[in-house]
Amino acid sequence: MFGSGAYSGFRVIKEALTGHKGWKPAWRDPEPQKSYDFIIIGGGGHGLATAYYLAKEFRQSRIAVLEKGYLGGGNVGRNTTIIRSNYLLDGNEPFYEFSLKLWEGLEQDFNFNAMVSQRGILNLYHSDAQRDAYTRRGNAMILHGADAELLDREQVRAMYPFLNFDNARFPIKGGLAQRRGGTVRHDAVAWGYARGADARGVDLIQNCEVTGLRTENGRVTGVDTSRGFIGAKKVGVAVAGNSSRVMAMVDRRLPIESHVLQAFVSEGLKPLIDGVITYGAGHFYVSQSDKGGLVFGGDIDGYNSYAQRGNMPVVEDVAEGGMSLMPMIGRARLLRSWGGIMDMSMDGSPIIDRTDIDGLYFNGGWCYGGFKATPASGWAFAHLLATDTPHDTARAYRFDRFLKGRMIDEKGQGAQPNLH
Ligand SMILES: Cc1cc2nc3c(=O)[nH]c(=O)nc-3n(C[C@H](O)[C@H](O)[C@H](O)COP(=O)(O)OP(=O)(O)OC[C@H]3O[C@@H](n4cnc5c(N)ncnc54)[C@H](O)[C@@H]3O)c2cc1C
């Protein structure tokens, strides 16, 4: 069924013994056709997952994904790989729990090793008030069928004795654990969905930038691209940090700002952190990759930008967070850092909705939490594109919530992207 041949233990051994000459490219490199039933703009995680589920679950065909660069070159290959469903609000928790369930079966579903590792995530708390807020969040998670566990200081100490428990300003008092959370190898997610979509006939067209959206009588008719005009009955926009730019092609302004978020990797160290830890008194989170590097990040760079690299003040800020949580991190050398463009929505929650233009659909506003949403986002967007009705778990992610004041403001921070 697959152009590259099905993957199996037997195949891996056979190829190893015969010089790996039997592998073929994991997806085709087709020329764009004149028109499609569905065009998905953006070959990131969300766009590829949408195409995959459109073909596989909703039995649609004549689908193309148009990517201006290469598949997985955007945020899907730049994030810090954390997955979790530890949300408080009704609008969010069922959606992210649906996503976590899809992660749990994803590798079997698309027969690709994405290194889904449910190594657990621990959110630290540093005050009684923060403990109460985490208790409430944990209870909300459990009510929605997710797992959550409140740990006291000694339980956290048993897990991570090297943390700075007695920091005079922010002593660690405990943590909220979600054991089913963890990490996934991010670019393998793009590759797995790409391979699965291609095998079901989806045209994945790289180096094809959408430069215009054409409409006629209030209906989308296709897209102008760097490789010519391509007609379409339905167009789905899934371009993450470039959302405002693409929607500006039809003069639509979004409740979204683009900001840079940086990620950092240290030199390889011996096994130290077996889960994901987030600092509750500053913006810092850390895990350890299978190669040994500490993978960590913090806040967005507090200004709007479309650059995929960040500034020094945030590097310093993230390093300060790391030092106050685990001072020995100061002895590790930083190996790499990079940035990605975040589509920060004004309430910190995403949008998966139709637009006022017939046949034009939008998926975005993922802020810096969209990687964990990839499977559910793809599924829900495919549902919307195929059936014109929202998926049950994504009903709240509509544009009109900003008009009606029904924000899904998980952190209660208002329209301040840097605080979400
Ligand atoms: C440093 C960093 C750390 C993060 N950490 C986490 C984390 O730990 N957990 C988590 O859940 N989330 C995290 N995120 C957020 C997550 O990566 C994003 O929310 C998510 O990947 C966005 O969806 P996507 O994968 O579809 O985006 P992308 O991969 O960015 O896909 C969008 C694609 O659209 C293409 N495109 C744009 N304009 C056009 C056009 N005009 N024509 C054609 N193609 C176009 C782009 O080239 C790009 O490939 C992080 C992000 C960053 C940058």
# chains A, B, ... in the order shown; residues from 1 in each chain; ligands from 1
$ closest_atom_pairs --of "range 229-248 of chain A" --to "range 59-62 of chain A" --cutoff "12 Å" --atoms "only C-alpha atoms" --output "JSON lines"
{"residue": "A:Gly231", "atom": "CA", "partner": "A:Arg62", "partner_atom": "CA", "distance": 11.3}
{"residue": "A:Ala232", "atom": "CA", "partner": "A:Arg62", "partner_atom": "CA", "distance": 9.5}
{"residue": "A:Lys233", "atom": "CA", "partner": "A:Arg62", "partner_atom": "CA", "distance": 10.1}
{"residue": "A:Lys234", "atom": "CA", "partner": "A:Arg62", "partner_atom": "CA", "distance": 10.8}
$ write_last_selection --atoms "N, CA and C atoms" --output "PDB file, in the first residue's frame"
ATOM      1  N   GLY A 231      -7.243  25.735  -8.664  1.00  0.00           N
ATOM      2  CA  GLY A 231      -8.648  25.865  -8.284  1.00  0.00           C
ATOM      3  C   GLY A 231      -8.994  24.951  -7.112  1.00  0.00           C
ATOM      4  N   ALA A 232     -10.028  25.335  -6.353  1.00  0.00           N
ATOM      5  CA  ALA A 232     -10.444  24.499  -5.217  1.00  0.00           C
ATOM      6  C   ALA A 232     -11.893  24.782  -4.854  1.00  0.00           C
ATOM      7  N   LYS A 233     -12.588  23.702  -4.438  1.00  0.00           N
ATOM      8  CA  LYS A 233     -13.947  23.897  -3.943  1.00  0.00           C
ATOM      9  C   LYS A 233     -13.907  24.410  -2.505  1.00  0.00           C
ATOM     10  N   LYS A 234     -12.969  23.852  -1.738  1.00  0.00           N
ATOM     11  CA  LYS A 234     -12.834  24.276  -0.343  1.00  0.00           C
ATOM     12  C   LYS A 234     -11.367  24.515  -0.032  1.00  0.00           C
TER      13      LYS A 234
END
$ closest_atom_pairs --of "range 179-261 of chain A" --to "range 344-367 of chain A" --cutoff "10 Å" --atoms "only C-alpha atoms" --output "CSV"
residue,atom,partner,partner_atom,distance
A:Leu213,CA,A:Leu360,CA,9.3
A:Thr215,CA,A:Ile357,CA,8.1
A:Glu216,CA,A:Ile357,CA,9.6
A:Asn217,CA,A:Ile357,CA,9.2
A:Gly218,CA,A:Ile357,CA,5.4
A:Arg219,CA,A:Asp358,CA,4.5
A:Val220,CA,A:Gly359,CA,5.5
A:Thr221,CA,A:Gly359,CA,8.2
A:Gly222,CA,A:Gly359,CA,9.6
A:Ala232,CA,A:Gly359,CA,8.7
A:Lys233,CA,A:Gly359,CA,6.4
A:Lys234,CA,A:Gly359,CA,4.5
A:Val235,CA,A:Leu360,CA,5.0
A:Gly236,CA,A:Tyr361,CA,4.7
A:Val237,CA,A:Phe362,CA,4.9
A:Ala238,CA,A:Asn363,CA,5.1
A:Val239,CA,A:Gly364,CA,7.1
A:Ala240,CA,A:Gly364,CA,5.4
A:Gly241,CA,A:Met344,CA,8.0
A:Asn242,CA,A:Gly364,CA,9.2
A:Ser243,CA,A:Gly364,CA,6.6
A:Ser244,CA,A:Gly364,CA,9.5
A:Met247,CA,A:Phe362,CA,8.8
A:Val250,CA,A:Ile357,CA,9.0
A:Arg252,CA,A:Thr355,CA,9.4
A:Leu254,CA,A:Ser345,CA,8.5
A:Pro255,CA,A:Ser345,CA,5.8
A:Ile256,CA,A:Ser345,CA,4.3
A:Glu257,CA,A:Met344,CA,5.2
A:Ser258,CA,A:Met344,CA,5.9
A:His259,CA,A:Met344,CA,7.0
A:Val260,CA,A:Met344,CA,9.8
A:Leu261,CA,A:Cys367,CA,9.5
$ residues_near_ligand --ligand "ligand 1" --cutoff "7 Å" --atoms "only C-alpha atoms and all ligand atoms" --output "PyMOL selection string"
chain A and resi 41-47+66-83+208-211+238-242+246+260-263+297+338-342+366-374
$ residues_around --residues "range 120-122 of chain A" --least-positions-apart "2" --cutoff "7 Å" --atoms "only C-alpha atoms" --output "VMD selection string"
chain A and resid 118 124 175 to 182 275 to 278
$ atom_distance --atom1 "CA of Asp343 in chain A" --atom2 "CA of Thr387 in chain A"
25.9 Å
$ select_by_dssp --residues "range 196-263 of chain A" --states "strand (DSSP E or B)" --output "number ranges by chain"
A: 203-205, 210-216, 219-225, 228-237, 256-263
$ closest_residue --among "A:Asp109, A:Asp301, A:Glu97, A:Asp409" --to "Ala197 in chain A" --atoms "only C-alpha atoms"
A:Asp109
$ closest_residue --among "A:Arg336, A:Phe38, A:Met312, A:Ser226" --to "Leu384 in chain A" --atoms "only C-alpha atoms"
A:Phe38
$ select_by_dssp --residues "range 268-362 of chain A" --states "alpha helix (DSSP H)" --output "ChimeraX atom specification"
/A:312-325
$ write_last_selection --atoms "all heavy atoms" --output "mmCIF file, in the first residue's frame"
data_model
loop_
_atom_site.group_PDB
_atom_site.id
_atom_site.type_symbol
_atom_site.label_atom_id
_atom_site.label_comp_id
_atom_site.auth_asym_id
_atom_site.auth_seq_id
_atom_site.Cartn_x
_atom_site.Cartn_y
_atom_site.Cartn_z
ATOM 1 N N MET A 312 18.158 38.389 22.661
ATOM 2 C CA MET A 312 18.970 38.008 23.817
ATOM 3 C C MET A 312 18.274 38.184 25.178
ATOM 4 O O MET A 312 18.468 37.355 26.066
ATOM 5 C CB MET A 312 20.299 38.789 23.811
ATOM 6 C CG MET A 312 21.273 38.312 22.755
ATOM 7 S SD MET A 312 21.600 36.554 22.835
ATOM 8 C CE MET A 312 22.765 36.506 24.165
ATOM 9 N N PRO A 313 17.501 39.260 25.399
ATOM 10 C CA PRO A 313 16.876 39.399 26.725
ATOM 11 C C PRO A 313 16.065 38.163 27.139
ATOM 12 O O PRO A 313 16.054 37.782 28.308
ATOM 13 C CB PRO A 313 15.976 40.628 26.574
ATOM 14 C CG PRO A 313 16.626 41.433 25.499
ATOM 15 C CD PRO A 313 17.242 40.441 24.559
ATOM 16 N N VAL A 314 15.397 37.533 26.162
ATOM 17 C CA VAL A 314 14.615 36.337 26.517
ATOM 18 C C VAL A 314 15.544 35.158 26.821
ATOM 19 O O VAL A 314 15.255 34.340 27.704
ATOM 20 C CB VAL A 314 13.577 36.000 25.419
ATOM 21 C CG1 VAL A 314 13.009 34.608 25.598
ATOM 22 C CG2 VAL A 314 12.454 37.016 25.467
ATOM 23 N N VAL A 315 16.684 35.099 26.136
ATOM 24 C CA VAL A 315 17.654 34.036 26.441
ATOM 25 C C VAL A 315 18.057 34.166 27.921
ATOM 26 O O VAL A 315 18.067 33.194 28.685
ATOM 27 C CB VAL A 315 18.912 34.147 25.555
ATOM 28 C CG1 VAL A 315 19.911 33.045 25.903
ATOM 29 C CG2 VAL A 315 18.529 34.082 24.080
ATOM 30 N N GLU A 316 18.318 35.405 28.333
ATOM 31 C CA GLU A 316 18.729 35.651 29.713
ATOM 32 C C GLU A 316 17.598 35.303 30.687
ATOM 33 O O GLU A 316 17.814 34.664 31.715
ATOM 34 C CB GLU A 316 19.111 37.125 29.858
ATOM 35 C CG GLU A 316 19.852 37.416 31.140
ATOM 36 C CD GLU A 316 20.271 38.883 31.223
ATOM 37 O OE1 GLU A 316 20.220 39.604 30.217
ATOM 38 O OE2 GLU A 316 20.645 39.297 32.335
ATOM 39 N N ASP A 317 16.375 35.695 30.315
ATOM 40 C CA ASP A 317 15.219 35.447 31.170
ATOM 41 C C ASP A 317 14.989 33.947 31.369
ATOM 42 O O ASP A 317 14.739 33.476 32.481
ATOM 43 C CB ASP A 317 13.993 36.096 30.502
ATOM 44 C CG ASP A 317 12.754 35.998 31.367
ATOM 45 O OD1 ASP A 317 12.781 36.590 32.459
ATOM 46 O OD2 ASP A 317 11.793 35.320 30.960
ATOM 47 N N VAL A 318 15.098 33.183 30.278
ATOM 48 C CA VAL A 318 14.894 31.733 30.365
ATOM 49 C C VAL A 318 16.012 31.115 31.215
ATOM 50 O O VAL A 318 15.756 30.258 32.085
ATOM 51 C CB VAL A 318 14.866 31.094 28.952
ATOM 52 C CG1 VAL A 318 14.840 29.576 29.031
ATOM 53 C CG2 VAL A 318 13.650 31.590 28.183
ATOM 54 N N ALA A 319 17.244 31.582 30.999
ATOM 55 C CA ALA A 319 18.372 31.045 31.779
ATOM 56 C C ALA A 319 18.171 31.340 33.272
ATOM 57 O O ALA A 319 18.468 30.502 34.130
ATOM 58 C CB ALA A 319 19.681 31.643 31.283
ATOM 59 N N GLU A 320 17.630 32.528 33.582
ATOM 60 C CA GLU A 320 17.362 32.865 34.996
ATOM 61 C C GLU A 320 16.339 31.913 35.591
ATOM 62 O O GLU A 320 16.485 31.441 36.723
ATOM 63 C CB GLU A 320 16.833 34.299 35.108
ATOM 64 C CG GLU A 320 17.912 35.350 35.082
ATOM 65 C CD GLU A 320 17.335 36.759 34.967
ATOM 66 O OE1 GLU A 320 16.096 36.921 34.949
ATOM 67 O OE2 GLU A 320 18.138 37.690 34.885
ATOM 68 N N GLY A 321 15.284 31.617 34.833
ATOM 69 C CA GLY A 321 14.260 30.677 35.308
ATOM 70 C C GLY A 321 14.886 29.321 35.593
ATOM 71 O O GLY A 321 14.638 28.709 36.641
ATOM 72 N N GLY A 322 15.717 28.866 34.655
ATOM 73 C CA GLY A 322 16.383 27.571 34.827
ATOM 74 C C GLY A 322 17.274 27.559 36.056
ATOM 75 O O GLY A 322 17.263 26.608 36.845
ATOM 76 N N MET A 323 18.032 28.650 36.227
ATOM 77 C CA MET A 323 18.962 28.716 37.363
ATOM 78 C C MET A 323 18.230 28.738 38.692
ATOM 79 O O MET A 323 18.703 28.175 39.682
ATOM 80 C CB MET A 323 19.827 29.980 37.253
ATOM 81 C CG MET A 323 20.880 29.917 36.185
ATOM 82 S SD MET A 323 22.118 28.677 36.543
ATOM 83 C CE MET A 323 22.993 29.456 37.890
ATOM 84 N N SER A 324 17.071 29.394 38.742
ATOM 85 C CA SER A 324 16.408 29.462 40.039
ATOM 86 C C SER A 324 15.705 28.134 40.354
ATOM 87 O O SER A 324 15.502 27.802 41.508
ATOM 88 C CB SER A 324 15.467 30.661 40.128
ATOM 89 O OG SER A 324 14.273 30.380 39.517
ATOM 90 N N LEU A 325 15.368 27.355 39.340
ATOM 91 C CA LEU A 325 14.706 26.068 39.585
ATOM 92 C C LEU A 325 15.717 24.947 39.832
ATOM 93 O O LEU A 325 15.534 24.115 40.722
ATOM 94 C CB LEU A 325 13.831 25.707 38.378
ATOM 95 C CG LEU A 325 13.029 24.420 38.495
ATOM 96 C CD1 LEU A 325 11.990 24.546 39.608
ATOM 97 C CD2 LEU A 325 12.331 24.087 37.186
#
$ closest_residue --among "A:Pro161, A:Gly91, A:Gly310, A:Pro171" --to "Ser127 in chain A" --atoms "only C-alpha atoms"
A:Pro171
$ residues_around --residues "Tyr193 in chain A" --least-positions-apart "5" --cutoff "8 Å" --atoms "only C-alpha atoms" --output "MDAnalysis selection string"
chainID A and resid 45 48:49 52 110
$ atom_distance --atom1 "CA of Leu143 in chain A" --atom2 "CA of Tyr87 in chain A"
11.4 Å
$ closest_residue --among "A:His420, A:Arg28, A:Arg395, A:Lys56" --to "His283 in chain A" --atoms "only C-alpha atoms"
A:His420
$ closest_residue --among "A:Leu54, A:Asp388, A:Glu267, A:Asp166" --to "Gly330 in chain A" --atoms "only C-alpha atoms"
A:Glu267
$ atom_distance --atom1 "CA of Arg398 in chain A" --atom2 "CA of Phe95 in chain A"
13.6 Å
$ decode --residues "range 233-266 of chain A" --atoms "N, CA, C and O atoms" --output "mmCIF file, in the first residue's frame"
data_model
loop_
_atom_site.group_PDB
_atom_site.id
_atom_site.type_symbol
_atom_site.label_atom_id
_atom_site.label_comp_id
_atom_site.auth_asym_id
_atom_site.auth_seq_id
_atom_site.Cartn_x
_atom_site.Cartn_y
_atom_site.Cartn_z
ATOM 1 N N LYS A 233 -12.588 23.702 -4.438
ATOM 2 C CA LYS A 233 -13.947 23.897 -3.943
ATOM 3 C C LYS A 233 -13.907 24.410 -2.505
ATOM 4 O O LYS A 233 -14.709 25.211 -2.083
ATOM 5 N N LYS A 234 -12.969 23.852 -1.738
ATOM 6 C CA LYS A 234 -12.834 24.276 -0.343
ATOM 7 C C LYS A 234 -11.367 24.515 -0.032
ATOM 8 O O LYS A 234 -10.507 23.734 -0.463
ATOM 9 N N VAL A 235 -11.097 25.561 0.735
ATOM 10 C CA VAL A 235 -9.718 25.877 1.119
ATOM 11 C C VAL A 235 -9.642 25.983 2.640
ATOM 12 O O VAL A 235 -10.428 26.709 3.260
ATOM 13 N N GLY A 236 -8.713 25.243 3.225
ATOM 14 C CA GLY A 236 -8.494 25.302 4.675
ATOM 15 C C GLY A 236 -7.161 25.972 4.963
ATOM 16 O O GLY A 236 -6.134 25.571 4.400
ATOM 17 N N VAL A 237 -7.166 26.997 5.783
ATOM 18 C CA VAL A 237 -5.931 27.719 6.127
ATOM 19 C C VAL A 237 -5.396 27.156 7.449
ATOM 20 O O VAL A 237 -6.091 27.185 8.463
ATOM 21 N N ALA A 238 -4.168 26.630 7.412
ATOM 22 C CA ALA A 238 -3.557 26.082 8.642
ATOM 23 C C ALA A 238 -2.079 26.477 8.644
ATOM 24 O O ALA A 238 -1.193 25.634 8.542
ATOM 25 N N VAL A 239 -1.843 27.792 8.746
ATOM 26 C CA VAL A 239 -0.475 28.293 8.562
ATOM 27 C C VAL A 239 0.131 28.846 9.848
ATOM 28 O O VAL A 239 1.150 29.547 9.811
ATOM 29 N N ALA A 240 -0.469 28.560 10.997
ATOM 30 C CA ALA A 240 0.072 28.920 12.311
ATOM 31 C C ALA A 240 0.525 30.387 12.351
ATOM 32 O O ALA A 240 -0.289 31.283 12.162
ATOM 33 N N GLY A 241 1.835 30.633 12.530
ATOM 34 C CA GLY A 241 2.328 32.000 12.719
ATOM 35 C C GLY A 241 2.067 32.937 11.554
ATOM 36 O O GLY A 241 2.174 34.157 11.687
ATOM 37 N N ASN A 242 1.731 32.395 10.388
ATOM 38 C CA ASN A 242 1.458 33.236 9.222
ATOM 39 C C ASN A 242 -0.041 33.475 8.997
ATOM 40 O O ASN A 242 -0.438 33.959 7.938
ATOM 41 N N SER A 243 -0.860 33.132 9.986
ATOM 42 C CA SER A 243 -2.317 33.234 9.831
ATOM 43 C C SER A 243 -2.766 34.624 9.377
ATOM 44 O O SER A 243 -3.556 34.765 8.437
ATOM 45 N N SER A 244 -2.253 35.659 10.062
ATOM 46 C CA SER A 244 -2.722 37.022 9.742
ATOM 47 C C SER A 244 -2.334 37.414 8.320
ATOM 48 O O SER A 244 -3.099 38.087 7.620
ATOM 49 N N ARG A 245 -1.154 36.976 7.884
ATOM 50 C CA ARG A 245 -0.702 37.303 6.525
ATOM 51 C C ARG A 245 -1.596 36.664 5.479
ATOM 52 O O ARG A 245 -1.969 37.287 4.491
ATOM 53 N N VAL A 246 -1.933 35.399 5.679
ATOM 54 C CA VAL A 246 -2.739 34.699 4.671
ATOM 55 C C VAL A 246 -4.170 35.248 4.665
ATOM 56 O O VAL A 246 -4.735 35.498 3.601
ATOM 57 N N MET A 247 -4.740 35.495 5.850
ATOM 58 C CA MET A 247 -6.117 35.994 5.871
ATOM 59 C C MET A 247 -6.193 37.448 5.383
ATOM 60 O O MET A 247 -7.259 37.897 4.947
ATOM 61 N N ALA A 248 -5.057 38.166 5.435
ATOM 62 C CA ALA A 248 -5.027 39.535 4.886
ATOM 63 C C ALA A 248 -5.215 39.504 3.367
ATOM 64 O O ALA A 248 -5.596 40.504 2.765
ATOM 65 N N MET A 249 -4.982 38.339 2.746
ATOM 66 C CA MET A 249 -5.168 38.221 1.297
ATOM 67 C C MET A 249 -6.635 38.394 0.916
ATOM 68 O O MET A 249 -6.965 38.627 -0.244
ATOM 69 N N VAL A 250 -7.540 38.183 1.879
ATOM 70 C CA VAL A 250 -8.967 38.455 1.622
ATOM 71 C C VAL A 250 -9.446 39.574 2.560
ATOM 72 O O VAL A 250 -10.638 39.627 2.921
ATOM 73 N N ASP A 251 -8.498 40.423 2.952
ATOM 74 C CA ASP A 251 -8.820 41.599 3.785
ATOM 75 C C ASP A 251 -9.523 41.253 5.095
ATOM 76 O O ASP A 251 -10.392 41.994 5.543
ATOM 77 N N ARG A 252 -9.166 40.143 5.702
ATOM 78 C CA ARG A 252 -9.760 39.803 7.000
ATOM 79 C C ARG A 252 -8.707 39.984 8.085
ATOM 80 O O ARG A 252 -7.584 39.480 7.963
ATOM 81 N N ARG A 253 -9.088 40.724 9.131
ATOM 82 C CA ARG A 253 -8.175 40.900 10.278
ATOM 83 C C ARG A 253 -8.538 39.898 11.350
ATOM 84 O O ARG A 253 -9.715 39.690 11.658
ATOM 85 N N LEU A 254 -7.542 39.277 11.934
ATOM 86 C CA LEU A 254 -7.778 38.226 12.932
ATOM 87 C C LEU A 254 -7.471 38.734 14.338
ATOM 88 O O LEU A 254 -6.622 39.611 14.512
ATOM 89 N N PRO A 255 -8.095 38.126 15.351
ATOM 90 C CA PRO A 255 -7.728 38.457 16.735
ATOM 91 C C PRO A 255 -6.457 37.695 17.129
ATOM 92 O O PRO A 255 -6.429 36.957 18.111
ATOM 93 N N ILE A 256 -5.431 37.847 16.305
ATOM 94 C CA ILE A 256 -4.183 37.082 16.477
ATOM 95 C C ILE A 256 -2.989 38.009 16.249
ATOM 96 O O ILE A 256 -3.019 38.847 15.343
ATOM 97 N N GLU A 257 -1.958 37.851 17.065
ATOM 98 C CA GLU A 257 -0.672 38.541 16.840
ATOM 99 C C GLU A 257 0.403 37.477 16.698
ATOM 100 O O GLU A 257 0.348 36.453 17.375
ATOM 101 N N SER A 258 1.413 37.758 15.865
ATOM 102 C CA SER A 258 2.511 36.798 15.731
ATOM 103 C C SER A 258 3.714 37.232 16.559
ATOM 104 O O SER A 258 4.126 38.393 16.501
ATOM 105 N N HIS A 259 4.204 36.308 17.354
ATOM 106 C CA HIS A 259 5.363 36.554 18.223
ATOM 107 C C HIS A 259 6.342 35.395 18.081
ATOM 108 O O HIS A 259 5.937 34.283 17.763
ATOM 109 N N VAL A 260 7.619 35.665 18.402
ATOM 110 C CA VAL A 260 8.621 34.591 18.358
ATOM 111 C C VAL A 260 8.654 33.866 19.697
ATOM 112 O O VAL A 260 8.546 34.489 20.752
ATOM 113 N N LEU A 261 8.799 32.545 19.634
ATOM 114 C CA LEU A 261 9.087 31.761 20.835
ATOM 115 C C LEU A 261 10.381 31.000 20.573
ATOM 116 O O LEU A 261 10.560 30.424 19.501
ATOM 117 N N GLN A 262 11.274 31.042 21.539
ATOM 118 C CA GLN A 262 12.566 30.377 21.368
ATOM 119 C C GLN A 262 12.602 29.038 22.109
ATOM 120 O O GLN A 262 11.885 28.837 23.083
ATOM 121 N N ALA A 263 13.477 28.152 21.649
ATOM 122 C CA ALA A 263 13.723 26.876 22.335
ATOM 123 C C ALA A 263 15.228 26.688 22.448
ATOM 124 O O ALA A 263 15.992 27.243 21.644
ATOM 125 N N PHE A 264 15.647 25.914 23.430
ATOM 126 C CA PHE A 264 17.069 25.748 23.718
ATOM 127 C C PHE A 264 17.391 24.284 23.993
ATOM 128 O O PHE A 264 16.575 23.572 24.581
ATOM 129 N N VAL A 265 18.587 23.865 23.583
ATOM 130 C CA VAL A 265 19.034 22.503 23.881
ATOM 131 C C VAL A 265 20.459 22.571 24.427
ATOM 132 O O VAL A 265 21.325 23.222 23.841
ATOM 133 N N SER A 266 20.680 21.883 25.545
ATOM 134 C CA SER A 266 22.027 21.864 26.130
ATOM 135 C C SER A 266 22.840 20.743 25.489
ATOM 136 O O SER A 266 22.322 19.914 24.736
#
